[in-house]
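Engineer: Got upload-v1.pdb for you, PDB, N, CA and C atoms:
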ATOM      1  N   MET F   1      37.387 -12.473 -34.598
ATOM      2  CA  MET F   1      35.954 -12.592 -34.812
ATOM      3  C   MET F   1      35.223 -12.090 -33.560
ATOM      4  N   SER F   2      34.329 -11.167 -33.730
ATOM      5  CA  SER F   2      33.563 -10.681 -32.581
ATOM      6  C   SER F   2      32.226 -11.416 -32.512
ATOM      7  N   ARG F   3      31.748 -11.580 -31.297
ATOM      8  CA  ARG F   3      30.466 -12.243 -31.050
ATOM      9  C   ARG F   3      29.665 -11.369 -30.118
ATOM     10  N   GLU F   4      28.371 -11.507 -30.186
ATOM     11  CA  GLU F   4      27.486 -10.697 -29.366
ATOM     12  C   GLU F   4      26.667 -11.598 -28.451
ATOM     13  N   PHE F   5      26.542 -11.204 -27.182
ATOM     14  CA  PHE F   5      25.768 -11.968 -26.204
ATOM     15  C   PHE F   5      24.790 -11.044 -25.497
ATOM     16  N   SER F   6      23.608 -11.557 -25.212
ATOM     17  CA  SER F   6      22.650 -10.822 -24.389
ATOM     18  C   SER F   6      23.030 -11.019 -22.932
ATOM     19  N   VAL F   7      22.887  -9.958 -22.140
ATOM     20  CA  VAL F   7      23.216  -9.997 -20.723
ATOM     21  C   VAL F   7      21.988  -9.544 -19.937
ATOM     22  N   VAL F   8      21.577 -10.333 -18.959
ATOM     23  CA  VAL F   8      20.473  -9.970 -18.076
ATOM     24  C   VAL F   8      21.073  -9.326 -16.837
ATOM     25  N   ILE F   9      20.595  -8.136 -16.499
ATOM     26  CA  ILE F   9      21.126  -7.404 -15.343
ATOM     27  C   ILE F   9      20.008  -7.175 -14.340
ATOM     28  N   GLU F  10      20.307  -7.517 -13.086
ATOM     29  CA  GLU F  10      19.369  -7.316 -11.986
ATOM     30  C   GLU F  10      20.101  -6.606 -10.854
ATOM     31  N   LYS F  11      19.358  -6.083  -9.897
ATOM     32  CA  LYS F  11      19.966  -5.450  -8.731
ATOM     33  C   LYS F  11      19.485  -6.197  -7.494
ATOM     34  N   ASP F  12      20.423  -6.658  -6.655
ATOM     35  CA  ASP F  12      20.034  -7.433  -5.482
ATOM     36  C   ASP F  12      19.686  -6.528  -4.300
ATOM     37  N   SER F  13      19.278  -7.143  -3.205
ATOM     38  CA  SER F  13      18.821  -6.396  -2.030
ATOM     39  C   SER F  13      19.925  -5.596  -1.350
ATOM     40  N   GLU F  14      21.182  -5.926  -1.625
ATOM     41  CA  GLU F  14      22.307  -5.198  -1.035
ATOM     42  C   GLU F  14      22.833  -4.107  -1.955
ATOM     43  N   GLY F  15      22.185  -3.907  -3.109
ATOM     44  CA  GLY F  15      22.585  -2.850  -4.028
ATOM     45  C   GLY F  15      23.585  -3.250  -5.089
ATOM     46  N   TYR F  16      23.964  -4.520  -5.140
ATOM     47  CA  TYR F  16      24.884  -4.997  -6.175
ATOM     48  C   TYR F  16      24.125  -5.254  -7.473
ATOM     49  N   TYR F  17      24.777  -4.933  -8.597
ATOM     50  CA  TYR F  17      24.251  -5.315  -9.899
ATOM     51  C   TYR F  17      24.749  -6.722 -10.191
ATOM     52  N   VAL F  18      23.852  -7.564 -10.685
ATOM     53  CA  VAL F  18      24.178  -8.961 -10.976
ATOM     54  C   VAL F  18      23.877  -9.215 -12.448
ATOM     55  N   ALA F  19      24.857  -9.735 -13.174
ATOM     56  CA  ALA F  19      24.698 -10.006 -14.599
ATOM     57  C   ALA F  19      24.810 -11.497 -14.867
ATOM     58  N   SER F  20      23.965 -11.986 -15.769
ATOM     59  CA  SER F  20      24.066 -13.372 -16.223
ATOM     60  C   SER F  20      23.911 -13.392 -17.737
ATOM     61  N   VAL F  21      24.501 -14.412 -18.354
ATOM     62  CA  VAL F  21      24.490 -14.547 -19.808
ATOM     63  C   VAL F  21      23.718 -15.823 -20.142
ATOM     64  N   PRO F  22      22.463 -15.698 -20.606
ATOM     65  CA  PRO F  22      21.631 -16.885 -20.855
ATOM     66  C   PRO F  22      22.249 -17.903 -21.804
ATOM     67  N   ALA F  23      23.014 -17.459 -22.788
ATOM     68  CA  ALA F  23      23.618 -18.388 -23.751
ATOM     69  C   ALA F  23      24.765 -19.192 -23.158
ATOM     70  N   LEU F  24      25.230 -18.785 -21.967
ATOM     71  CA  LEU F  24      26.345 -19.470 -21.306
ATOM     72  C   LEU F  24      25.933 -19.807 -19.874
ATOM     73  N   PRO F  25      25.225 -20.906 -19.678
ATOM     74  CA  PRO F  25      24.791 -21.265 -18.323
ATOM     75  C   PRO F  25      25.968 -21.261 -17.340
ATOM     76  N   GLY F  26      25.748 -20.638 -16.198
ATOM     77  CA  GLY F  26      26.795 -20.548 -15.186
ATOM     78  C   GLY F  26      27.676 -19.329 -15.329
ATOM     79  N   CYS F  27      27.469 -18.554 -16.384
ATOM     80  CA  CYS F  27      28.276 -17.353 -16.614
ATOM     81  C   CYS F  27      27.564 -16.171 -15.983
ATOM     82  N   HIS F  28      28.094 -15.708 -14.855
ATOM     83  CA  HIS F  28      27.501 -14.585 -14.150
ATOM     84  C   HIS F  28      28.551 -13.886 -13.307
ATOM     85  N   THR F  29      28.258 -12.644 -12.932
ATOM     86  CA  THR F  29      29.158 -11.864 -12.101
ATOM     87  C   THR F  29      28.357 -10.763 -11.424
ATOM     88  N   GLN F  30      29.015 -10.020 -10.531
ATOM     89  CA  GLN F  30      28.340  -8.921  -9.849
ATOM     90  C   GLN F  30      29.320  -7.787  -9.606
ATOM     91  N   ALA F  31      28.763  -6.572  -9.398
ATOM     92  CA  ALA F  31      29.590  -5.400  -9.128
ATOM     93  C   ALA F  31      28.725  -4.315  -8.510
ATOM     94  N   ARG F  32      29.387  -3.303  -7.945
ATOM     95  CA  ARG F  32      28.683  -2.177  -7.321
ATOM     96  C   ARG F  32      28.170  -1.170  -8.348
ATOM     97  N   SER F  33      28.855  -1.021  -9.493
ATOM     98  CA  SER F  33      28.435  -0.060 -10.509
ATOM     99  C   SER F  33      28.215  -0.773 -11.846
ATOM    100  N   LEU F  34      27.426  -0.141 -12.715
ATOM    101  CA  LEU F  34      27.176  -0.729 -14.030
ATOM    102  C   LEU F  34      28.440  -0.744 -14.884
ATOM    103  N   ASP F  35      29.269   0.284 -14.776
ATOM    104  CA  ASP F  35      30.520   0.304 -15.538
ATOM    105  C   ASP F  35      31.418  -0.868 -15.143
ATOM    106  N   GLU F  36      31.566  -1.068 -13.850
ATOM    107  CA  GLU F  36      32.382  -2.183 -13.352
ATOM    108  C   GLU F  36      31.753  -3.517 -13.739
ATOM    109  N   LEU F  37      30.430  -3.591 -13.689
ATOM    110  CA  LEU F  37      29.729  -4.825 -14.055
ATOM    111  C   LEU F  37      30.017  -5.203 -15.502
ATOM    112  N   MET F  38      29.963  -4.237 -16.415
ATOM    113  CA  MET F  38      30.187  -4.538 -17.825
ATOM    114  C   MET F  38      31.619  -5.002 -18.077
ATOM    115  N   GLU F  39      32.586  -4.444 -17.372
ATOM    116  CA  GLU F  39      33.964  -4.933 -17.483
ATOM    117  C   GLU F  39      34.049  -6.381 -17.012
ATOM    118  N   ARG F  40      33.430  -6.644 -15.877
ATOM    119  CA  ARG F  40      33.482  -7.993 -15.298
ATOM    120  C   ARG F  40      32.740  -9.016 -16.143
ATOM    121  N   VAL F  41      31.607  -8.624 -16.728
ATOM    122  CA  VAL F  41      30.849  -9.597 -17.519
ATOM    123  C   VAL F  41      31.609  -9.928 -18.810
ATOM    124  N   ARG F  42      32.313  -8.966 -19.384
ATOM    125  CA  ARG F  42      33.145  -9.271 -20.556
ATOM    126  C   ARG F  42      34.218 -10.302 -20.191
ATOM    127  N   GLU F  43      34.856 -10.098 -19.039
ATOM    128  CA  GLU F  43      35.874 -11.054 -18.577
ATOM    129  C   GLU F  43      35.247 -12.428 -18.337
ATOM    130  N   ALA F  44      34.060 -12.450 -17.721
ATOM    131  CA  ALA F  44      33.391 -13.715 -17.432
ATOM    132  C   ALA F  44      33.043 -14.459 -18.721
ATOM    133  N   VAL F  45      32.553 -13.735 -19.721
ATOM    134  CA  VAL F  45      32.212 -14.362 -21.002
ATOM    135  C   VAL F  45      33.462 -14.936 -21.657
ATOM    136  N   GLU F  46      34.536 -14.168 -21.673
ATOM    137  CA  GLU F  46      35.787 -14.656 -22.262
ATOM    138  C   GLU F  46      36.248 -15.936 -21.578
ATOM    139  N   LEU F  47      36.176 -15.974 -20.247
ATOM    140  CA  LEU F  47      36.592 -17.170 -19.511
ATOM    141  C   LEU F  47      35.666 -18.346 -19.789
ATOM    142  N   CYS F  48      34.368 -18.097 -19.823
ATOM    143  CA  CYS F  48      33.418 -19.182 -20.112
ATOM    144  C   CYS F  48      33.658 -19.763 -21.506
ATOM    145  N   LEU F  49      33.908 -18.895 -22.486
ATOM    146  CA  LEU F  49      34.166 -19.373 -23.845
ATOM    147  C   LEU F  49      35.471 -20.164 -23.906
ATOM    148  N   GLU F  50      36.453 -19.728 -23.146
ATOM    149  CA  GLU F  50      37.736 -20.435 -23.112
ATOM    150  C   GLU F  50      37.556 -21.842 -22.553
ATOM    151  N   VAL F  51      36.799 -21.957 -21.479
ATOM    152  CA  VAL F  51      36.572 -23.257 -20.833
ATOM    153  C   VAL F  51      35.710 -24.161 -21.708
ATOM    154  N   ARG F  52      34.737 -23.571 -22.392
ATOM    155  CA  ARG F  52      33.811 -24.346 -23.223
ATOM    156  C   ARG F  52      34.335 -24.559 -24.634
ATOM    157  N   ASP F  53      35.554 -24.183 -24.911
ATOM    158  CA  ASP F  53      36.126 -24.281 -26.250
ATOM    159  C   ASP F  53      35.295 -23.526 -27.277
ATOM    160  N   ASP F  54      34.813 -22.331 -26.881
ATOM    161  CA  ASP F  54      34.094 -21.441 -27.797
ATOM    162  C   ASP F  54      32.789 -22.054 -28.311
ATOM    163  N   ASP F  55      32.148 -22.907 -27.511
ATOM    164  CA  ASP F  55      30.945 -23.612 -27.937
ATOM    165  C   ASP F  55      29.703 -23.026 -27.256
ATOM    166  N   ALA F  56      29.295 -21.824 -27.648
ATOM    167  CA  ALA F  56      28.115 -21.188 -27.079
ATOM    168  C   ALA F  56      26.956 -21.304 -28.056
ATOM    169  N   GLU F  57      25.799 -21.606 -27.513
ATOM    170  CA  GLU F  57      24.600 -21.729 -28.333
ATOM    171  C   GLU F  57      24.156 -20.346 -28.804
ATOM    172  N   ALA F  58      23.895 -20.214 -30.086
ATOM    173  CA  ALA F  58      23.419 -18.932 -30.622
ATOM    174  C   ALA F  58      21.946 -18.757 -30.259
ATOM    175  N   MET F  59      21.642 -17.652 -29.606
ATOM    176  CA  MET F  59      20.261 -17.355 -29.228
ATOM    177  C   MET F  59      19.958 -15.909 -29.574
ATOM    178  N   ASP F  60      18.741 -15.642 -30.005
ATOM    179  CA  ASP F  60      18.298 -14.273 -30.243
ATOM    180  C   ASP F  60      17.541 -13.791 -29.022
ATOM    181  N   PHE F  61      17.877 -12.599 -28.541
ATOM    182  CA  PHE F  61      17.182 -12.031 -27.398
ATOM    183  C   PHE F  61      15.777 -11.642 -27.826
ATOM    184  N   VAL F  62      14.792 -12.069 -27.060
ATOM    185  CA  VAL F  62      13.398 -11.766 -27.352
ATOM    186  C   VAL F  62      12.878 -10.692 -26.413
ATOM    187  N   GLY F  63      13.141 -10.829 -25.128
ATOM    188  CA  GLY F  63      12.679  -9.838 -24.182
ATOM    189  C   GLY F  63      12.612 -10.423 -22.780
ATOM    190  N   VAL F  64      12.100  -9.612 -21.880
ATOM    191  CA  VAL F  64      11.950 -10.020 -20.481
ATOM    192  C   VAL F  64      10.496  -9.819 -20.111
ATOM    193  N   GLN F  65       9.936 -10.775 -19.445
ATOM    194  CA  GLN F  65       8.553 -10.691 -19.003
ATOM    195  C   GLN F  65       8.514 -10.844 -17.489
ATOM    196  N   ARG F  66       7.769 -10.003 -16.830
ATOM    197  CA  ARG F  66       7.617 -10.066 -15.382
ATOM    198  C   ARG F  66       6.286 -10.717 -15.065
ATOM    199  N   ILE F  67       6.300 -11.665 -14.117
ATOM    200  CA  ILE F  67       5.068 -12.311 -13.677
ATOM    201  C   ILE F  67       4.921 -12.149 -12.157
ATOM    202  N   THR F  68       3.719 -12.294 -11.667
ATOM    203  CA  THR F  68       3.467 -12.207 -10.224
ATOM    204  C   THR F  68       2.957 -13.551  -9.757
ATOM    205  N   ILE F  69       3.531 -14.048  -8.671
ATOM    206  CA  ILE F  69       3.125 -15.307  -8.058
ATOM    207  C   ILE F  69       2.599 -14.988  -6.661
ATOM    208  N   ALA F  70       1.392 -15.441  -6.357
ATOM    209  CA  ALA F  70       0.827 -15.202  -5.033
ATOM    210  C   ALA F  70       1.621 -15.977  -3.990
ATOM    211  N   ALA F  71       1.996 -15.295  -2.933
ATOM    212  CA  ALA F  71       2.784 -15.955  -1.877
ATOM    213  C   ALA F  71       1.900 -16.455  -0.773
TER     214      ALA F  71
END
Just give me the structure as structure tokens.

Structural biologist:
Amino acid sequence: MSREFSVVIEKDSEGYYVASVPALPGCHTQARSLDELMERVREAVELCLEVRDDDAEAMDFVGVQRITIAA
């Protein structure tokens, strides 16, 4: 059975890509390239599902909104 997860990808100040999976709190990884990141995030999701006994909340991706906060 295949499952689909939304992945949020950001780039940190050191140039690493950082991925997190909103449906699996604590499921995240990082890599230097997007290709490597996608391999790693698949592994991270598989491990998270294994630990959680395949109990991930189903969520539909809506989008990303950027806000500005005055510092």

Engineer: Could you please determine the separation between CA of Ile69 in chain F and CA of Gly15 in chain F in Å, to one decimal place?

Structural biologist: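 One can read the CA of Ile69 in chain F to CA of Gly15 in chain F distance as 23.5 Å.
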
Engineer: Might you spell out which residues the PyMOL selection byres ((chain F and resi 20) around 8) would select in the displayed file, as a PyMOL selection string?

Structural biologist: chain F and resi 6-10+17-19+21-30+41

Engineer: As a PyMOL selection string, list the residues of chain F assigned to helix (DSSP H, G or I) by DSSP on the backbone atoms of this structure.

Structural biologist: chain F and resi 34-51

Engineer: Would you save the residues of that selection, restricted to N, CA and C atoms, as a PDB file, in the frame of the given file?

Structural biologist:
ATOM      1  N   LEU F  34      27.426  -0.141 -12.715  1.00  0.00           N
ATOM      2  CA  LEU F  34      27.176  -0.729 -14.030  1.00  0.00           C
ATOM      3  C   LEU F  34      28.440  -0.744 -14.884  1.00  0.00           C
ATOM      4  N   ASP F  35      29.269   0.284 -14.776  1.00  0.00           N
ATOM      5  CA  ASP F  35      30.520   0.304 -15.538  1.00  0.00           C
ATOM      6  C   ASP F  35      31.418  -0.868 -15.143  1.00  0.00           C
ATOM      7  N   GLU F  36      31.566  -1.068 -13.850  1.00  0.00           N
ATOM      8  CA  GLU F  36      32.382  -2.183 -13.352  1.00  0.00           C
ATOM      9  C   GLU F  36      31.753  -3.517 -13.739  1.00  0.00           C
ATOM     10  N   LEU F  37      30.430  -3.591 -13.689  1.00  0.00           N
ATOM     11  CA  LEU F  37      29.729  -4.825 -14.055  1.00  0.00           C
ATOM     12  C   LEU F  37      30.017  -5.203 -15.502  1.00  0.00           C
ATOM     13  N   MET F  38      29.963  -4.237 -16.415  1.00  0.00           N
ATOM     14  CA  MET F  38      30.187  -4.538 -17.825  1.00  0.00           C
ATOM     15  C   MET F  38      31.619  -5.002 -18.077  1.00  0.00           C
ATOM     16  N   GLU F  39      32.586  -4.444 -17.372  1.00  0.00           N
ATOM     17  CA  GLU F  39      33.964  -4.933 -17.483  1.00  0.00           C
ATOM     18  C   GLU F  39      34.049  -6.381 -17.012  1.00  0.00           C
ATOM     19  N   ARG F  40      33.430  -6.644 -15.877  1.00  0.00           N
ATOM     20  CA  ARG F  40      33.482  -7.993 -15.298  1.00  0.00           C
ATOM     21  C   ARG F  40      32.740  -9.016 -16.143  1.00  0.00           C
ATOM     22  N   VAL F  41      31.607  -8.624 -16.728  1.00  0.00           N
ATOM     23  CA  VAL F  41      30.849  -9.597 -17.519  1.00  0.00           C
ATOM     24  C   VAL F  41      31.609  -9.928 -18.810  1.00  0.00           C
ATOM     25  N   ARG F  42      32.313  -8.966 -19.384  1.00  0.00           N
ATOM     26  CA  ARG F  42      33.145  -9.271 -20.556  1.00  0.00           C
ATOM     27  C   ARG F  42      34.218 -10.302 -20.191  1.00  0.00           C
ATOM     28  N   GLU F  43      34.856 -10.098 -19.039  1.00  0.00           N
ATOM     29  CA  GLU F  43      35.874 -11.054 -18.577  1.00  0.00           C
ATOM     30  C   GLU F  43      35.247 -12.428 -18.337  1.00  0.00           C
ATOM     31  N   ALA F  44      34.060 -12.450 -17.721  1.00  0.00           N
ATOM     32  CA  ALA F  44      33.391 -13.715 -17.432  1.00  0.00           C
ATOM     33  C   ALA F  44      33.043 -14.459 -18.721  1.00  0.00           C
ATOM     34  N   VAL F  45      32.553 -13.735 -19.721  1.00  0.00           N
ATOM     35  CA  VAL F  45      32.212 -14.362 -21.002  1.00  0.00           C
ATOM     36  C   VAL F  45      33.462 -14.936 -21.657  1.00  0.00           C
ATOM     37  N   GLU F  46      34.536 -14.168 -21.673  1.00  0.00           N
ATOM     38  CA  GLU F  46      35.787 -14.656 -22.262  1.00  0.00           C
ATOM     39  C   GLU F  46      36.248 -15.936 -21.578  1.00  0.00           C
ATOM     40  N   LEU F  47      36.176 -15.974 -20.247  1.00  0.00           N
ATOM     41  CA  LEU F  47      36.592 -17.170 -19.511  1.00  0.00           C
ATOM     42  C   LEU F  47      35.666 -18.346 -19.789  1.00  0.00           C
ATOM     43  N   CYS F  48      34.368 -18.097 -19.823  1.00  0.00           N
ATOM     44  CA  CYS F  48      33.418 -19.182 -20.112  1.00  0.00           C
ATOM     45  C   CYS F  48      33.658 -19.763 -21.506  1.00  0.00           C
ATOM     46  N   LEU F  49      33.908 -18.895 -22.486  1.00  0.00           N
ATOM     47  CA  LEU F  49      34.166 -19.373 -23.845  1.00  0.00           C
ATOM     48  C   LEU F  49      35.471 -20.164 -23.906  1.00  0.00           C
ATOM     49  N   GLU F  50      36.453 -19.728 -23.146  1.00  0.00           N
ATOM     50  CA  GLU F  50      37.736 -20.435 -23.112  1.00  0.00           C
ATOM     51  C   GLU F  50      37.556 -21.842 -22.553  1.00  0.00           C
ATOM     52  N   VAL F  51      36.799 -21.957 -21.479  1.00  0.00           N
ATOM     53  CA  VAL F  51      36.572 -23.257 -20.833  1.00  0.00           C
ATOM     54  C   VAL F  51      35.710 -24.161 -21.708  1.00  0.00           C
TER      55      VAL F  51
END

Engineer: Atom N of Arg40 in chain F and CA of Lys11 in chain F are how many Å apart?

Structural biologist: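 According to the coordinates, atom N of Arg40 in chain F and CA of Lys11 in chain F are separated by 15.3 Å.
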
Engineer: Assign secondary structure with DSSP using the backbone only, and return the residues of chain F in strand (DSSP E) as JSON, numbers by chain.

Structural biologist: {"F": [8, 9, 10, 11, 17, 18, 19, 20, 28, 29, 30, 31]}
